[in-house]
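> Take a look at the following structure, please.
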Amino acid sequence: MSNFIVFKNKIKKFNKAITVSGDKSISIRWVLFSSLAKGVSSAKNLLLSEDVVAAINIIKKLGIKTKLKNNQCRIFGNGIDGYKYRKNIVIDAKNSGTLGRLILGLLINTPFPIKLIGDKSLSKRDFKRVSDPLSKFGAKFKLNNKKYLPLKIWGSPNLKPINFFENKGSAQCKSSVIFGSMRTNGTTFIKAKKSRNHTELLYKFLGLPIKIKNKRTYDEIKVSKINLIKPLNYTIPADLSSSAFFIVLTALSKNSELVIKNVNINPTRIGIIKILKKMGIIIRNKNKRIYKGEVIADLKIKSSKSIKSINCPVKLNSSAIDEFLIIFLVAAKAKGISYFKNLSELNQKESPRLKWGEYILKEMGVKTITTKDSIKIYGNPNLKIDKKIIIKNYLKDH
């Protein structure tokens, strides 16, 4: 039987300051960049989730020495060509689409086939979206049913730069191609729909060859071959996706305030903050500063006496893609009908999130109208749950 949690008691009013775990997107990218650096990189507040531990285990299989104690990690990089490829390597990305897709970009020069596997959930996700552009560099792939894990990758010693149009708003696809371009002679051109830019910011901080033109709806990125990556010492800021649960908890509680310290509020990630502010939630930044290219702040949240419905602007979708299910909970308590559209990418995540959002809301007694890429939520400020709700048989998802 699966583990489960029972919630019975209502939360009393509170006025607290907390810290949450390190940013997952940055934690995974730190592991990958550090594995290619020349020298020893160290990180504090590294998120020790299954995804990040899987990243560490993968680079160890590729011959990179690591030392992990509590939430501090050191990685002993051997340089840009420091991976020790050998026959019959199998790497496991577990549940992480970010890890599975990004690591493939770094493996396009492997002289031996490498098998990539994942858990049941990850094995249902589309990997053709990265194997297609990586094949243009010169790598070869064999995918399960031409789309899924497990897959095998064969690298090439004659990699060539490519032109790539990323039109899904997927930071994973964009970053995979950016990583692939590290291995090529020449310049790779990427036109990418707006999405998270942690990879680009780390490139800039490390002084790696990248040029970016920011357009209104997309970015133009030029990336060239890399010869050297310097060691990267990093104190990982708090994860906004993890913080989002406490933001929403405070917003829906009565007479409460919360400060969450040292949160990464990268502009490509703050869709949830913009959406909740439009719904009347009070969220303020304190002690705002720049750290290694990322914007960090303490977030102060206050309970809201009145929550407004929203016709959510589509332009905020990509910057809130991991937080929509808890945004839906806020909409369930709003006055009026909230409408969220163009959300087909939600069903490409670790689970079909749009379908699960609809199911959970209906179990709570909330009226919804859902299509394959949209949901209308009929909010009820007086919503009360007076029955036991059991959520089971869902695919694994963070």
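Here, A, B, ... name the chains of the structure tokens in the order displayed, residue numbers run from 1 inside each chain, and ligands are numbered from 1 in the same displayed order.
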Report the residues of stretch 147-310 of chain A whose backbone DSSP state falls under alpha helix (DSSP H), written as a ChimeraX atom specification.
/A:171-181,198-205,240-252,271-278
> For those residues, write C-alpha atoms to a file as a PDB file, in the first residue's frame.

```pdb
ATOM      1  CA  ALA A 171      13.342  25.243 -21.042  1.00  0.00           C
ATOM      2  CA  GLN A 172      14.294  21.550 -21.066  1.00  0.00           C
ATOM      3  CA  CYS A 173      14.413  21.360 -24.872  1.00  0.00           C
ATOM      4  CA  LYS A 174      16.193  24.701 -25.148  1.00  0.00           C
ATOM      5  CA  SER A 175      18.773  23.770 -22.503  1.00  0.00           C
ATOM      6  CA  SER A 176      19.416  20.354 -24.044  1.00  0.00           C
ATOM      7  CA  VAL A 177      20.322  22.031 -27.344  1.00  0.00           C
ATOM      8  CA  ILE A 178      22.449  24.649 -25.553  1.00  0.00           C
ATOM      9  CA  PHE A 179      24.366  21.820 -23.856  1.00  0.00           C
ATOM     10  CA  GLY A 180      24.734  20.010 -27.169  1.00  0.00           C
ATOM     11  CA  SER A 181      26.265  23.107 -28.737  1.00  0.00           C
ATOM     12  CA  HIS A 198      18.659  29.338 -15.621  1.00  0.00           C
ATOM     13  CA  THR A 199      20.985  27.679 -18.160  1.00  0.00           C
ATOM     14  CA  GLU A 200      21.651  30.965 -19.956  1.00  0.00           C
ATOM     15  CA  LEU A 201      22.299  32.812 -16.681  1.00  0.00           C
ATOM     16  CA  LEU A 202      24.845  30.207 -15.587  1.00  0.00           C
ATOM     17  CA  TYR A 203      26.496  30.453 -19.003  1.00  0.00           C
ATOM     18  CA  LYS A 204      26.819  34.230 -18.563  1.00  0.00           C
ATOM     19  CA  PHE A 205      28.067  34.007 -14.971  1.00  0.00           C
ATOM     20  CA  LEU A 240       9.900  29.100  -5.732  1.00  0.00           C
ATOM     21  CA  SER A 241       7.866  26.011  -6.660  1.00  0.00           C
ATOM     22  CA  SER A 242       8.343  24.625  -3.139  1.00  0.00           C
ATOM     23  CA  SER A 243       7.628  28.070  -1.659  1.00  0.00           C
ATOM     24  CA  ALA A 244       4.406  28.284  -3.675  1.00  0.00           C
ATOM     25  CA  PHE A 245       2.652  25.778  -1.392  1.00  0.00           C
ATOM     26  CA  PHE A 246       3.313  28.004   1.631  1.00  0.00           C
ATOM     27  CA  ILE A 247       2.344  31.141  -0.317  1.00  0.00           C
ATOM     28  CA  VAL A 248      -1.044  29.635  -1.153  1.00  0.00           C
ATOM     29  CA  LEU A 249      -1.485  28.234   2.368  1.00  0.00           C
ATOM     30  CA  THR A 250      -0.984  31.736   3.786  1.00  0.00           C
ATOM     31  CA  ALA A 251      -3.248  33.350   1.193  1.00  0.00           C
ATOM     32  CA  LEU A 252      -6.087  30.947   2.059  1.00  0.00           C
ATOM     33  CA  GLY A 271       4.170  33.548 -13.091  1.00  0.00           C
ATOM     34  CA  ILE A 272       2.500  32.327  -9.896  1.00  0.00           C
ATOM     35  CA  ILE A 273       3.318  35.573  -8.090  1.00  0.00           C
ATOM     36  CA  LYS A 274       1.942  37.685 -10.954  1.00  0.00           C
ATOM     37  CA  ILE A 275      -1.204  35.555 -11.203  1.00  0.00           C
ATOM     38  CA  LEU A 276      -1.908  35.592  -7.461  1.00  0.00           C
ATOM     39  CA  LYS A 277      -1.373  39.343  -7.282  1.00  0.00           C
ATOM     40  CA  LYS A 278      -3.960  39.765 -10.048  1.00  0.00           C
TER      41      LYS A 278
END
```
> Please provide the set of residues having any atom within 9 Å of A:Ile326, restricted to only C-alpha atoms, with same-chain residues fewer than 2 positions apart removed, written as a VMD selection string.
chain A and resid 244 to 245 248 323 to 324 328 to 331 357
> Would you mind exporting all heavy atoms of the selected residues as a CSV table (one decimal), in the first residue's frame?

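What follows is the written file result.csv:
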```csv
chain,number,residue,atom,x,y,z
A,244,ALA,N,5.8,28.0,-3.2
A,244,ALA,CA,4.4,28.3,-3.7
A,244,ALA,C,3.3,27.6,-2.8
A,244,ALA,O,2.3,28.2,-2.6
A,244,ALA,CB,4.2,27.8,-5.1
A,245,PHE,N,3.6,26.4,-2.3
A,245,PHE,CA,2.7,25.8,-1.4
A,245,PHE,C,2.4,26.6,-0.1
A,245,PHE,O,1.3,26.7,0.3
A,245,PHE,CB,3.1,24.4,-1.0
A,245,PHE,CG,3.2,23.4,-2.2
A,245,PHE,CD1,4.4,23.3,-2.9
A,245,PHE,CD2,2.1,22.7,-2.6
A,245,PHE,CE1,4.4,22.4,-4.0
A,245,PHE,CE2,2.1,21.9,-3.7
A,245,PHE,CZ,3.3,21.7,-4.4
A,248,VAL,N,0.4,29.9,-1.0
A,248,VAL,CA,-1.0,29.6,-1.2
A,248,VAL,C,-1.7,29.3,0.2
A,248,VAL,O,-2.8,29.8,0.5
A,248,VAL,CB,-1.3,28.5,-2.2
A,248,VAL,CG1,-2.7,28.0,-2.1
A,248,VAL,CG2,-0.9,29.0,-3.6
A,323,GLU,N,3.2,25.3,-11.1
A,323,GLU,CA,2.4,25.8,-10.0
A,323,GLU,C,0.9,25.9,-10.3
A,323,GLU,O,0.1,26.3,-9.4
A,323,GLU,CB,2.9,27.2,-9.5
A,323,GLU,CG,4.3,27.2,-8.9
A,323,GLU,CD,5.4,27.2,-9.9
A,323,GLU,OE1,5.2,28.0,-10.9
A,323,GLU,OE2,6.4,26.5,-9.8
A,324,PHE,N,0.5,25.5,-11.5
A,324,PHE,CA,-1.0,25.7,-11.8
A,324,PHE,C,-1.9,25.0,-10.9
A,324,PHE,O,-3.0,25.5,-10.6
A,324,PHE,CB,-1.2,25.4,-13.3
A,324,PHE,CG,-1.1,26.6,-14.2
A,324,PHE,CD1,-0.1,26.7,-15.1
A,324,PHE,CD2,-2.0,27.7,-14.1
A,324,PHE,CE1,0.1,27.8,-15.9
A,324,PHE,CE2,-1.9,28.8,-14.9
A,324,PHE,CZ,-0.8,28.9,-15.8
A,328,PHE,N,-5.0,26.7,-9.1
A,328,PHE,CA,-6.4,26.3,-9.2
A,328,PHE,C,-7.1,26.2,-7.9
A,328,PHE,O,-8.3,26.5,-7.8
A,328,PHE,CB,-6.5,24.9,-9.8
A,328,PHE,CG,-6.0,24.8,-11.3
A,328,PHE,CD1,-5.8,23.5,-11.9
A,328,PHE,CD2,-5.8,25.9,-12.0
A,328,PHE,CE1,-5.4,23.4,-13.2
A,328,PHE,CE2,-5.4,25.8,-13.4
A,328,PHE,CZ,-5.1,24.6,-13.9
A,329,LEU,N,-6.4,25.9,-6.8
A,329,LEU,CA,-7.0,25.9,-5.5
A,329,LEU,C,-7.4,27.3,-5.0
A,329,LEU,O,-8.4,27.5,-4.4
A,329,LEU,CB,-6.0,25.3,-4.5
A,329,LEU,CG,-5.7,23.8,-4.6
A,329,LEU,CD1,-4.7,23.4,-3.5
A,329,LEU,CD2,-6.9,22.9,-4.5
A,330,VAL,N,-6.6,28.3,-5.4
A,330,VAL,CA,-6.9,29.6,-5.1
A,330,VAL,C,-8.2,30.0,-5.9
A,330,VAL,O,-9.1,30.7,-5.4
A,330,VAL,CB,-5.7,30.6,-5.4
A,330,VAL,CG1,-6.1,32.0,-5.0
A,330,VAL,CG2,-4.5,30.2,-4.6
A,331,ALA,N,-8.2,29.7,-7.1
A,331,ALA,CA,-9.4,30.0,-8.0
A,331,ALA,C,-10.6,29.3,-7.4
A,331,ALA,O,-11.7,29.9,-7.6
A,331,ALA,CB,-9.1,29.5,-9.4
A,357,GLY,N,-5.9,18.0,-12.0
A,357,GLY,CA,-6.5,19.2,-11.4
A,357,GLY,C,-8.0,19.2,-11.5
A,357,GLY,O,-8.7,19.5,-10.5
```
> How close does each residue of stretch 137-238 of chain A get to stretch 43-60 of chain A, giving the shortest atom pair and distance in Å to one decimal for every residue with an atom at most 7 Å away, counting only C-alpha atoms, sorted by chain and residue number, as a Markdown table?

```
| residue | atom | partner | partner_atom | distance |
| --- | --- | --- | --- | --- |
| A:Asn233 | CA | A:Ala43 | CA | 5.7 |
| A:Tyr234 | CA | A:Ala43 | CA | 4.7 |
| A:Thr235 | CA | A:Lys44 | CA | 4.6 |
| A:Ile236 | CA | A:Asn45 | CA | 5.3 |
```
